[in-house]
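For reference, the structure is listed below as structure tokens.
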Amino acid sequence: MTVPDAPVPAGTPALALRDVGRVCAAGGASPGTALEGIDLTVAPGEFVSLIGPSGCGKSTLLRLVADLLTPSSGSLSVNGGTAQTARLERRYGMVFQAATLLEWRRIRANVELPLEIMGVGTAERRDRAQQMLDLVGLSDFAEHYPWQLSGGMQQRVAIARALSFSPSILLMDEPFGALDEMTRERMQAEVLRLWRETGTTVVFVTHSIPEAVFLSTRVVVMSPRPGRIADVVPVDLPATRDDDTREQQRFFELTTQVRDALRTVDADAGSTRP
Amino acid sequence: MSSGARQARRTGVAEAARTVRSVALLLLAGIVVWEGYKAAGQALLSVWPSVWPSFPLPVRPDDRSMPHVWDIVGTLFAPARRGGEDILLVILLDAALYTWRIALVGFVGGTLFGLAVAVLLVRSRLAERSLMPYVIGSQMIPVLAIAPIVVIWGGRAGLPTWAPVAFISGYLAFYPVTIGAVRGLRSPAATATELMRSYAAPPRTVLLQLQLPAALPYLFPALRIAATASIIGAIVGELPAGQSEGLGRAILGFASSFSAAPQRLFASVLVSALLGIVFVGLVALVERLVVPAPLRHRDPTETVGPAVSGPAASVTGPSAAVDAVAGGRS
């Protein structure tokens with residue numbers, strides 16, 4: 001129950017979902033079938049984006065992997081074990097749309113929070129937090145409070161916090177949804193760099209087509225009511241991507257492909273609407 | 001950073017000066033209204049003696065019903081008993097100190113009990129559904145009815161006489177604490193709770209690291225209400241307990257001799273109010289020491305850029321909770 005360091009056997013997928021479904025109880029916020037027949041395998045080191053219209057169960061899927069929700073049917077494994085084991089062994093880090101920093105803690109203390117909970121000693125905690133703040137370029141703000149930072153900076157702190165205990169998987173739920181376009185593109189480049197440097201497996205929920213294509217090795221297109229996987233678009237852009245990537249022919253082709261897949265989903269959803 | 005702290009201190013001093021000024025102004029206004037009413041009423045009666053009771057003023061403006069402000073203040077500095085050494089102020093302050101000591105026991109005990117109940121209520125929906133009606137119902141029983149029972153039970157159990165009084169005081173104090181703390185403990189965002197769960201944090205850690213700090217801005221307004229409630233509880237509790245040292249007996253005694261020396265009752269009311277103000281002031285002082293600065297006051301102009309997790313919700317939250325608590329008690 002400390003910082004995960006035990007290696008996962010080679011060849012084990014980071015995530016394996018077989019026919020996973022989730023039914024929400026009647027009387028809840030959104031009763032009915034949230035997810036149905038989800039089959040998805042993610043290899044270690046992959047960057048997979050989940051994209052789709054609102055209500056297609058992207059966030060629900062992420063929360064199933066995180067063991068914040070439990071599937072109603074099917075099987076789900078994380079690093080070869082159950083989602084619960086992965087959570088208890090702190091195998092994943094999580095980033096939400098809101099940075100969710102504890103406002104009474106300084107930035108450094110916020111990054112140290114998971115380490116503190118996991119029982120890491122003070123000196124090591126300090127070192128790790130410093131490394132993480134260096135990594136996201138916020139060392140100068142270690143002694144600030146969250147409210148003194150901009151939205152983009154707060155989100156970088158949230159990422160540093162999620163990476164502080166070196167999880168093998170990073171789950172991100174629309175992390176840049178509340179940021180302006182310029183900040184957003186900077187953050188995307190930053191996440192790509194962190195992904196390359198840490199080798200973490202990333203599952204990334206987003207509404208933005210260019211964001212999904214720019215970041216991912218694969219884009220999973222989902223359809224709503226019930227949430228299903230409608231299409232999977234492999235992204236064959238070079239591993240090293242920068243702002244020029246966004247202007248390449250291949251980038252446009254891939255965004256078009258994802259957009260078409262989303263349009264089909266939308267049209268289908270429209271035709272089956274009562 | 002240090003310039004910010006200095007500025008904060010300067011703002012604090014300016015704020016305190018403003019508070020003192022407005023308190024003094026309001027006090028002056030109160031005196032002017034009191035004496036103005038008396039003067040105008042007496043003038044009216046002398047010009048037109050038959051106005052009373054055919055044109056009833058809410059309160060008779062004579063010195064028996066409304067002693068002059070200077071008489072009230074004067075009686076504070078006059079010897080309490082004919083030939084006695086101590087002035088009334090000293091005697092009343094002694095009584096206030098005695099009552100406050102009991103109220104403090106009630107306040108601390110009531111706060112701890114209120115917090116424990118709140119944690120239980122937040123932990124389990126079942127506990128909330130089954131216990132909450134009793135928590136609310138407890139405040140529907142008039143203290144006047146329950147105080148003699150508690151005093152008699154305490155006496156039979158061989159407890160010191162102050163113990164039942166402290167219990168009654170705590171009985172009134174715990175309610176606002178429970179209501180405020182329940183709201184505060186529930187105040188963290190759903191994602192913050194999910195975050196703690198993703199770290200596989202045990203419930204105790206979630207309580208200490210997330211819920212309690214988040215509850216502080218809700219808790220302290222509730223504690224201020226609990227402070228005054230604990231004093232009321234102690235004053236009322238002293239009456240059936242037959243304690244002659246406290247404010248309760250002093251007020252009762254001066255009330256029975258109101259027609260002979262009304263200014264003494266008003267003087268004791270003034271001292272009771274002063275006790276409440278001092279106690280609430282002490283709670284505010286503890287708040288300054290305990291609540292971390294970013295939860296206490298946030299200056300939005302000092303942000304580097306627009307914040308995503310806006311503090312607006314948590315700023316309006318606590319005051320709304322206070323309104324709810326205050327509304328529930330009035």
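By convention in this document, the chains of the structure tokens carry letters A, B, ... by their order, each chain's residues are numbered from 1, and ligands are numbered from 1 in the order they are shown.
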Excluding same-chain residues fewer than 4 positions from Ile38 in chain A, what lies within 7 Å of it counting only C-alpha atoms, as a count of residues only?
7
Counting only C-alpha atoms, what is within 12 Å of Gly242 in chain B, bar same-chain residues fewer than 3 positions away, as number ranges by chain?
B: 147-148, 151-152, 155, 161-162, 164-165, 235-239, 245-250, 252-253
Output of the above residues as an mmCIF file, in the first residue's frame, restricted to C-alpha atoms:
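Okay, this is what ended up in part09.cif:
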data_model
loop_
_atom_site.group_PDB
_atom_site.id
_atom_site.type_symbol
_atom_site.label_atom_id
_atom_site.label_comp_id
_atom_site.auth_asym_id
_atom_site.auth_seq_id
_atom_site.Cartn_x
_atom_site.Cartn_y
_atom_site.Cartn_z
ATOM 1 C CA ALA B 147 -33.926 22.912 33.191
ATOM 2 C CA PRO B 148 -35.633 21.959 36.501
ATOM 3 C CA VAL B 151 -31.191 20.187 37.944
ATOM 4 C CA ILE B 152 -33.212 17.716 40.019
ATOM 5 C CA GLY B 155 -28.849 16.865 42.439
ATOM 6 C CA THR B 161 -24.640 22.337 41.337
ATOM 7 C CA TRP B 162 -22.820 23.889 38.397
ATOM 8 C CA PRO B 164 -26.535 20.558 35.444
ATOM 9 C CA VAL B 165 -26.309 24.241 34.505
ATOM 10 C CA ILE B 235 -28.383 32.112 32.766
ATOM 11 C CA VAL B 236 -31.662 30.193 32.473
ATOM 12 C CA GLY B 237 -30.158 27.082 34.067
ATOM 13 C CA GLU B 238 -28.991 29.017 37.134
ATOM 14 C CA LEU B 239 -32.562 29.889 38.124
ATOM 15 C CA GLU B 245 -23.507 33.761 42.332
ATOM 16 C CA GLY B 246 -24.461 34.022 38.666
ATOM 17 C CA LEU B 247 -26.115 36.527 36.350
ATOM 18 C CA GLY B 248 -29.385 34.587 36.344
ATOM 19 C CA ARG B 249 -30.096 35.243 40.007
ATOM 20 C CA ALA B 250 -28.955 38.871 39.703
ATOM 21 C CA LEU B 252 -34.224 37.716 38.678
ATOM 22 C CA GLY B 253 -33.554 39.748 41.838
#
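Across B:Leu195, B:Ile179, B:Val283, B:Ile168, the tightest approach to Gly154 in chain B is made by B:Ile168 when counting only C-alpha atoms.
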In range 44-176 of chain A, DSSP helix (DSSP H, G or I) residues written as a PyMOL selection string
chain A and resi 58-65+83-88+107-117+122-135+139-141+146-148+151-163
Keeping only C-alpha atoms, write the selected residues as a PDB file, in the first residue's frame.
ATOM      1  CA  LYS A  58     -17.125   8.704 -21.471  1.00  0.00           C
ATOM      2  CA  SER A  59     -16.755   9.860 -17.881  1.00  0.00           C
ATOM      3  CA  THR A  60     -18.647   6.806 -16.626  1.00  0.00           C
ATOM      4  CA  LEU A  61     -16.193   4.570 -18.477  1.00  0.00           C
ATOM      5  CA  LEU A  62     -13.264   6.414 -16.904  1.00  0.00           C
ATOM      6  CA  ARG A  63     -14.811   6.031 -13.440  1.00  0.00           C
ATOM      7  CA  LEU A  64     -15.287   2.292 -13.988  1.00  0.00           C
ATOM      8  CA  VAL A  65     -11.572   1.970 -14.703  1.00  0.00           C
ATOM      9  CA  ALA A  83      -9.926  -2.241 -10.836  1.00  0.00           C
ATOM     10  CA  GLN A  84     -10.242  -2.290  -7.043  1.00  0.00           C
ATOM     11  CA  THR A  85      -6.790  -3.809  -6.609  1.00  0.00           C
ATOM     12  CA  ALA A  86      -5.383  -1.185  -8.959  1.00  0.00           C
ATOM     13  CA  ARG A  87      -6.997   1.574  -6.908  1.00  0.00           C
ATOM     14  CA  LEU A  88      -5.846   0.151  -3.570  1.00  0.00           C
ATOM     15  CA  ILE A 107       0.884  24.362  -4.085  1.00  0.00           C
ATOM     16  CA  ARG A 108       3.740  22.209  -2.778  1.00  0.00           C
ATOM     17  CA  ALA A 109       1.497  20.692  -0.105  1.00  0.00           C
ATOM     18  CA  ASN A 110      -1.156  19.976  -2.726  1.00  0.00           C
ATOM     19  CA  VAL A 111       1.322  18.023  -4.828  1.00  0.00           C
ATOM     20  CA  GLU A 112       2.478  16.192  -1.695  1.00  0.00           C
ATOM     21  CA  LEU A 113      -1.072  15.223  -0.688  1.00  0.00           C
ATOM     22  CA  PRO A 114      -1.222  11.750  -2.288  1.00  0.00           C
ATOM     23  CA  LEU A 115       2.303  10.955  -1.045  1.00  0.00           C
ATOM     24  CA  GLU A 116       1.316  12.036   2.448  1.00  0.00           C
ATOM     25  CA  ILE A 117      -1.756   9.787   2.363  1.00  0.00           C
ATOM     26  CA  THR A 122       8.764  13.976   4.656  1.00  0.00           C
ATOM     27  CA  ALA A 123      12.127  14.255   2.906  1.00  0.00           C
ATOM     28  CA  GLU A 124      11.166  12.012   0.005  1.00  0.00           C
ATOM     29  CA  ARG A 125       7.839  13.823  -0.290  1.00  0.00           C
ATOM     30  CA  ARG A 126       9.625  17.144  -0.616  1.00  0.00           C
ATOM     31  CA  ASP A 127      11.958  15.755  -3.292  1.00  0.00           C
ATOM     32  CA  ARG A 128       9.159  14.225  -5.321  1.00  0.00           C
ATOM     33  CA  ALA A 129       7.009  17.366  -5.135  1.00  0.00           C
ATOM     34  CA  GLN A 130       9.987  19.468  -6.218  1.00  0.00           C
ATOM     35  CA  GLN A 131      10.654  17.176  -9.191  1.00  0.00           C
ATOM     36  CA  MET A 132       7.000  17.284 -10.216  1.00  0.00           C
ATOM     37  CA  LEU A 133       6.805  21.066  -9.936  1.00  0.00           C
ATOM     38  CA  ASP A 134       9.964  21.312 -12.041  1.00  0.00           C
ATOM     39  CA  LEU A 135       8.379  18.977 -14.573  1.00  0.00           C
ATOM     40  CA  SER A 139       8.729  25.613  -9.044  1.00  0.00           C
ATOM     41  CA  ASP A 140       8.399  29.357  -8.487  1.00  0.00           C
ATOM     42  CA  PHE A 141       4.868  28.925  -7.256  1.00  0.00           C
ATOM     43  CA  PRO A 146      -4.248  27.751  -5.384  1.00  0.00           C
ATOM     44  CA  TRP A 147      -6.384  30.912  -5.641  1.00  0.00           C
ATOM     45  CA  GLN A 148      -3.290  32.867  -6.613  1.00  0.00           C
ATOM     46  CA  GLY A 151      -6.806  28.077 -14.314  1.00  0.00           C
ATOM     47  CA  GLY A 152      -4.101  26.639 -16.568  1.00  0.00           C
ATOM     48  CA  MET A 153      -1.536  26.736 -13.763  1.00  0.00           C
ATOM     49  CA  GLN A 154      -3.959  25.085 -11.355  1.00  0.00           C
ATOM     50  CA  GLN A 155      -4.524  22.314 -13.868  1.00  0.00           C
ATOM     51  CA  ARG A 156      -0.762  21.809 -14.206  1.00  0.00           C
ATOM     52  CA  VAL A 157      -0.600  21.428 -10.419  1.00  0.00           C
ATOM     53  CA  ALA A 158      -3.368  18.817 -10.639  1.00  0.00           C
ATOM     54  CA  ILE A 159      -1.314  16.916 -13.241  1.00  0.00           C
ATOM     55  CA  ALA A 160       1.826  17.180 -11.110  1.00  0.00           C
ATOM     56  CA  ARG A 161      -0.164  15.837  -8.166  1.00  0.00           C
ATOM     57  CA  ALA A 162      -1.507  12.922 -10.237  1.00  0.00           C
ATOM     58  CA  LEU A 163       2.005  12.023 -11.401  1.00  0.00           C
TER      59      LEU A 163
END
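Atom pair CA of Val23 in chain B / CA of Phe174 in chain B: separated by 29.0 Å.
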Excluding Glu35 in chain B and any residue of its chain fewer than 4 positions from it, enumerate the residues within 8 Å of it, using only C-alpha atoms, and give them as a tab-separated table (two decimals) with C-alpha atoms, in the first residue's frame.
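So selection33.tsv came out as:
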chain	number	residue	atom	x	y	z
B	31	ILE	CA	-28.88	56.69	23.50
B	39	ALA	CA	-38.14	63.80	26.32
B	68	HIS	CA	-32.21	57.85	32.08
B	69	VAL	CA	-29.12	56.45	30.42
Using only C-alpha atoms, find which residues of chain A lie within 8 Å of chain B and jot them down as a PyMOL selection string.
chain A and resi 66-68+87-88+90+92-94+96+98-104+114+117-118+145+147-151+154+178
Can you spit out the residues from that selection as a PDB file, in the first residue's frame, using C-alpha atoms?
ATOM      1  CA  ALA A  66     -10.840   4.078 -11.621  1.00  0.00           C
ATOM      2  CA  ASP A  67     -13.079   1.862  -9.441  1.00  0.00           C
ATOM      3  CA  LEU A  68     -15.115   4.925  -8.491  1.00  0.00           C
ATOM      4  CA  ARG A  87      -6.997   1.574  -6.908  1.00  0.00           C
ATOM      5  CA  LEU A  88      -5.846   0.151  -3.570  1.00  0.00           C
ATOM      6  CA  ARG A  90      -2.442   3.337  -6.329  1.00  0.00           C
ATOM      7  CA  TYR A  92      -3.487   5.272 -11.485  1.00  0.00           C
ATOM      8  CA  GLY A  93      -3.570   9.025 -11.090  1.00  0.00           C
ATOM      9  CA  MET A  94      -6.650  11.059 -11.834  1.00  0.00           C
ATOM     10  CA  PHE A  96     -10.624  16.211 -13.441  1.00  0.00           C
ATOM     11  CA  ALA A  98     -11.806  21.264 -12.236  1.00  0.00           C
ATOM     12  CA  ALA A  99      -8.303  21.215 -10.765  1.00  0.00           C
ATOM     13  CA  THR A 100      -9.801  20.235  -7.373  1.00  0.00           C
ATOM     14  CA  LEU A 101      -6.863  21.560  -5.374  1.00  0.00           C
ATOM     15  CA  LEU A 102      -7.293  21.863  -1.613  1.00  0.00           C
ATOM     16  CA  GLU A 103      -7.467  25.637  -1.279  1.00  0.00           C
ATOM     17  CA  TRP A 104      -6.033  25.731   2.260  1.00  0.00           C
ATOM     18  CA  PRO A 114      -1.222  11.750  -2.288  1.00  0.00           C
ATOM     19  CA  ILE A 117      -1.756   9.787   2.363  1.00  0.00           C
ATOM     20  CA  MET A 118       0.402   6.916   1.107  1.00  0.00           C
ATOM     21  CA  TYR A 145      -2.010  29.165  -2.631  1.00  0.00           C
ATOM     22  CA  TRP A 147      -6.384  30.912  -5.641  1.00  0.00           C
ATOM     23  CA  GLN A 148      -3.290  32.867  -6.613  1.00  0.00           C
ATOM     24  CA  LEU A 149      -2.819  30.750  -9.757  1.00  0.00           C
ATOM     25  CA  SER A 150      -4.580  30.910 -13.121  1.00  0.00           C
ATOM     26  CA  GLY A 151      -6.806  28.077 -14.314  1.00  0.00           C
ATOM     27  CA  GLN A 154      -3.959  25.085 -11.355  1.00  0.00           C
ATOM     28  CA  ALA A 178     -12.448  24.948 -18.877  1.00  0.00           C
TER      29      ALA A 178
END
Between B:Ala181, B:Ala222, B:Ala166, B:Ala260, single out the one closest to Tyr98 in chain B, counting only C-alpha atoms.
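Among the listed residues, B:Ala166 lies closest to Tyr98 in chain B.
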12 Å contact set for range 62-64 of chain B, only C-alpha atoms, chain neighbours under 6 positions out, as a PyMOL selection string:
chain B and resi 34-35+37-46+52+70-72+257-266
Using C-alpha atoms, can you write the selected residues to a file as a short mmCIF file (atom, residue, chain, number, x, y, z; two decimals), in the first residue's frame?
data_model
loop_
_atom_site.label_atom_id
_atom_site.label_comp_id
_atom_site.auth_asym_id
_atom_site.auth_seq_id
_atom_site.Cartn_x
_atom_site.Cartn_y
_atom_site.Cartn_z
CA TRP B 34 -33.91 56.39 24.15
CA GLU B 35 -33.58 59.87 25.62
CA TYR B 37 -38.39 59.21 23.19
CA LYS B 38 -38.42 60.04 26.90
CA ALA B 39 -38.14 63.80 26.32
CA ALA B 40 -40.72 63.91 23.55
CA GLY B 41 -43.12 61.68 25.47
CA GLN B 42 -42.80 63.72 28.66
CA ALA B 43 -43.29 66.97 26.75
CA LEU B 44 -46.42 65.53 25.18
CA LEU B 45 -47.77 64.44 28.58
CA SER B 46 -47.12 67.82 30.20
CA TRP B 52 -52.35 58.71 28.39
CA TRP B 70 -26.94 58.32 32.94
CA ASP B 71 -28.94 56.77 35.81
CA ILE B 72 -28.30 53.29 34.40
CA SER B 257 -37.35 45.07 42.57
CA PHE B 258 -37.91 46.74 39.21
CA SER B 259 -40.46 49.27 40.45
CA ALA B 260 -38.10 50.47 43.19
CA ALA B 261 -34.86 50.58 41.16
CA PRO B 262 -35.46 49.90 37.46
CA GLN B 263 -32.03 51.13 36.44
CA ARG B 264 -30.43 48.10 38.13
CA LEU B 265 -32.24 45.63 35.88
CA PHE B 266 -31.19 47.61 32.82
#
List as an MDAnalysis selection string the protein and nucleic acid residues near range 113-130 of chain B, meaning an atom at most 8 Å away when only C-alpha atoms are counted, but skip any in the same chain fewer than 6 places from it.
chainID B and resid 174:179 181:182 185:186
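Minimum distance to Asp266 in chain A across A:Ser54, A:Trp195, A:Ile209, A:Phe165 (counting only C-alpha atoms) occurs at A:Ser54.
CA of Arg105 in chain A to CA of Ala142 in chain A spans 10.4 Å [interatomic distance, one decimal].
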Long-range neighbours of Leu172 in chain B as a PDB file with C-alpha atoms, in the first residue's frame, 12 Å cut-off, only C-alpha atoms, 6 positions minimum in chain:
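Output below, filename selection_24.pdb:
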ATOM      1  CA  ALA B 103     -21.190  28.598  29.913  1.00  0.00           C
ATOM      2  CA  GLY B 106     -21.285  24.001  28.225  1.00  0.00           C
ATOM      3  CA  PHE B 107     -19.930  25.592  25.060  1.00  0.00           C
ATOM      4  CA  VAL B 108     -16.913  23.281  24.819  1.00  0.00           C
ATOM      5  CA  GLY B 109     -18.935  20.186  25.723  1.00  0.00           C
ATOM      6  CA  GLY B 110     -21.778  21.162  23.377  1.00  0.00           C
ATOM      7  CA  THR B 111     -19.336  21.864  20.549  1.00  0.00           C
ATOM      8  CA  PHE B 113     -20.924  16.684  21.135  1.00  0.00           C
ATOM      9  CA  GLY B 114     -22.313  18.688  18.185  1.00  0.00           C
ATOM     10  CA  VAL B 135     -31.651  16.797  16.850  1.00  0.00           C
ATOM     11  CA  ILE B 136     -34.259  19.301  15.665  1.00  0.00           C
ATOM     12  CA  GLY B 137     -36.832  18.149  18.227  1.00  0.00           C
ATOM     13  CA  SER B 138     -34.340  18.692  21.049  1.00  0.00           C
ATOM     14  CA  GLN B 139     -34.496  22.426  20.354  1.00  0.00           C
ATOM     15  CA  MET B 140     -38.303  22.459  20.399  1.00  0.00           C
ATOM     16  CA  ILE B 141     -38.427  21.604  24.108  1.00  0.00           C
ATOM     17  CA  PRO B 142     -38.485  24.870  26.076  1.00  0.00           C
ATOM     18  CA  VAL B 143     -35.365  25.199  28.217  1.00  0.00           C
ATOM     19  CA  LEU B 144     -37.586  26.436  31.035  1.00  0.00           C
ATOM     20  CA  ILE B 146     -36.189  20.891  30.883  1.00  0.00           C
ATOM     21  CA  ALA B 147     -33.926  22.912  33.191  1.00  0.00           C
ATOM     22  CA  VAL B 165     -26.309  24.241  34.505  1.00  0.00           C
ATOM     23  CA  ALA B 166     -23.362  23.506  32.210  1.00  0.00           C
ATOM     24  CA  THR B 178     -24.301  20.247  14.381  1.00  0.00           C
ATOM     25  CA  LEU B 223     -19.721  28.581  16.951  1.00  0.00           C
ATOM     26  CA  ILE B 225     -24.219  31.393  17.623  1.00  0.00           C
ATOM     27  CA  ALA B 226     -23.325  28.563  20.010  1.00  0.00           C
ATOM     28  CA  ALA B 227     -21.373  31.025  22.201  1.00  0.00           C
ATOM     29  CA  THR B 228     -24.392  33.252  22.808  1.00  0.00           C
ATOM     30  CA  ALA B 229     -26.703  30.250  23.141  1.00  0.00           C
ATOM     31  CA  SER B 230     -24.453  28.745  25.813  1.00  0.00           C
ATOM     32  CA  ILE B 231     -24.681  31.949  27.878  1.00  0.00           C
ATOM     33  CA  ILE B 232     -28.468  32.040  27.587  1.00  0.00           C
ATOM     34  CA  GLY B 233     -28.505  28.393  28.643  1.00  0.00           C
ATOM     35  CA  ALA B 234     -26.320  29.085  31.676  1.00  0.00           C
ATOM     36  CA  ILE B 235     -28.383  32.112  32.766  1.00  0.00           C
ATOM     37  CA  VAL B 236     -31.662  30.193  32.473  1.00  0.00           C
ATOM     38  CA  GLY B 237     -30.158  27.082  34.067  1.00  0.00           C
ATOM     39  CA  ARG B 329     -33.406  29.751  16.067  1.00  0.00           C
TER      40      ARG B 329
END
Any idea what the distance is between CA of Thr245 in chain A and CA of Met182 in chain A?
15.7 Å
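For range 165-251 of chain A, a DSSP pass over the backbone yields strand (DSSP E or B) at Ile169, Leu170, Leu171, Met172, Asp173, Thr201, Val202, Val203, Phe204, Val205, Thr206, Arg218, Val219, Val220, Val221, Met222, Ser223, Gly227, Arg228, Ile229, Ala230, Asp231, Val232, Val233 and Pro234 of chain A.
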May I have the selected residues written with C-alpha atoms, as a PDB file, in the first residue's frame?
ATOM      1  CA  ILE A 169      -1.861   4.922 -15.668  1.00  0.00           C
ATOM      2  CA  LEU A 170      -3.131   8.485 -15.911  1.00  0.00           C
ATOM      3  CA  LEU A 171      -6.902   8.995 -16.178  1.00  0.00           C
ATOM      4  CA  MET A 172      -7.922  12.452 -17.388  1.00  0.00           C
ATOM      5  CA  ASP A 173     -11.545  13.607 -17.482  1.00  0.00           C
ATOM      6  CA  THR A 201      -0.476   4.976 -20.086  1.00  0.00           C
ATOM      7  CA  VAL A 202      -3.038   7.747 -20.594  1.00  0.00           C
ATOM      8  CA  VAL A 203      -6.814   7.529 -20.986  1.00  0.00           C
ATOM      9  CA  PHE A 204      -8.098  10.961 -21.915  1.00  0.00           C
ATOM     10  CA  VAL A 205     -11.744  12.043 -22.118  1.00  0.00           C
ATOM     11  CA  THR A 206     -12.404  15.040 -24.343  1.00  0.00           C
ATOM     12  CA  ARG A 218      -5.838   5.909 -30.782  1.00  0.00           C
ATOM     13  CA  VAL A 219      -9.126   7.798 -30.708  1.00  0.00           C
ATOM     14  CA  VAL A 220     -12.160   5.896 -29.441  1.00  0.00           C
ATOM     15  CA  VAL A 221     -15.415   7.398 -30.787  1.00  0.00           C
ATOM     16  CA  MET A 222     -18.433   6.732 -28.603  1.00  0.00           C
ATOM     17  CA  SER A 223     -22.167   6.933 -29.262  1.00  0.00           C
ATOM     18  CA  GLY A 227     -22.979   4.465 -24.527  1.00  0.00           C
ATOM     19  CA  ARG A 228     -21.145   2.215 -26.966  1.00  0.00           C
ATOM     20  CA  ILE A 229     -17.903   2.273 -28.882  1.00  0.00           C
ATOM     21  CA  ALA A 230     -18.887   3.356 -32.405  1.00  0.00           C
ATOM     22  CA  ASP A 231     -15.453   3.520 -34.012  1.00  0.00           C
ATOM     23  CA  VAL A 232     -11.749   3.396 -33.216  1.00  0.00           C
ATOM     24  CA  VAL A 233      -9.425   5.641 -35.216  1.00  0.00           C
ATOM     25  CA  PRO A 234      -5.698   4.785 -34.987  1.00  0.00           C
TER      26      PRO A 234
END
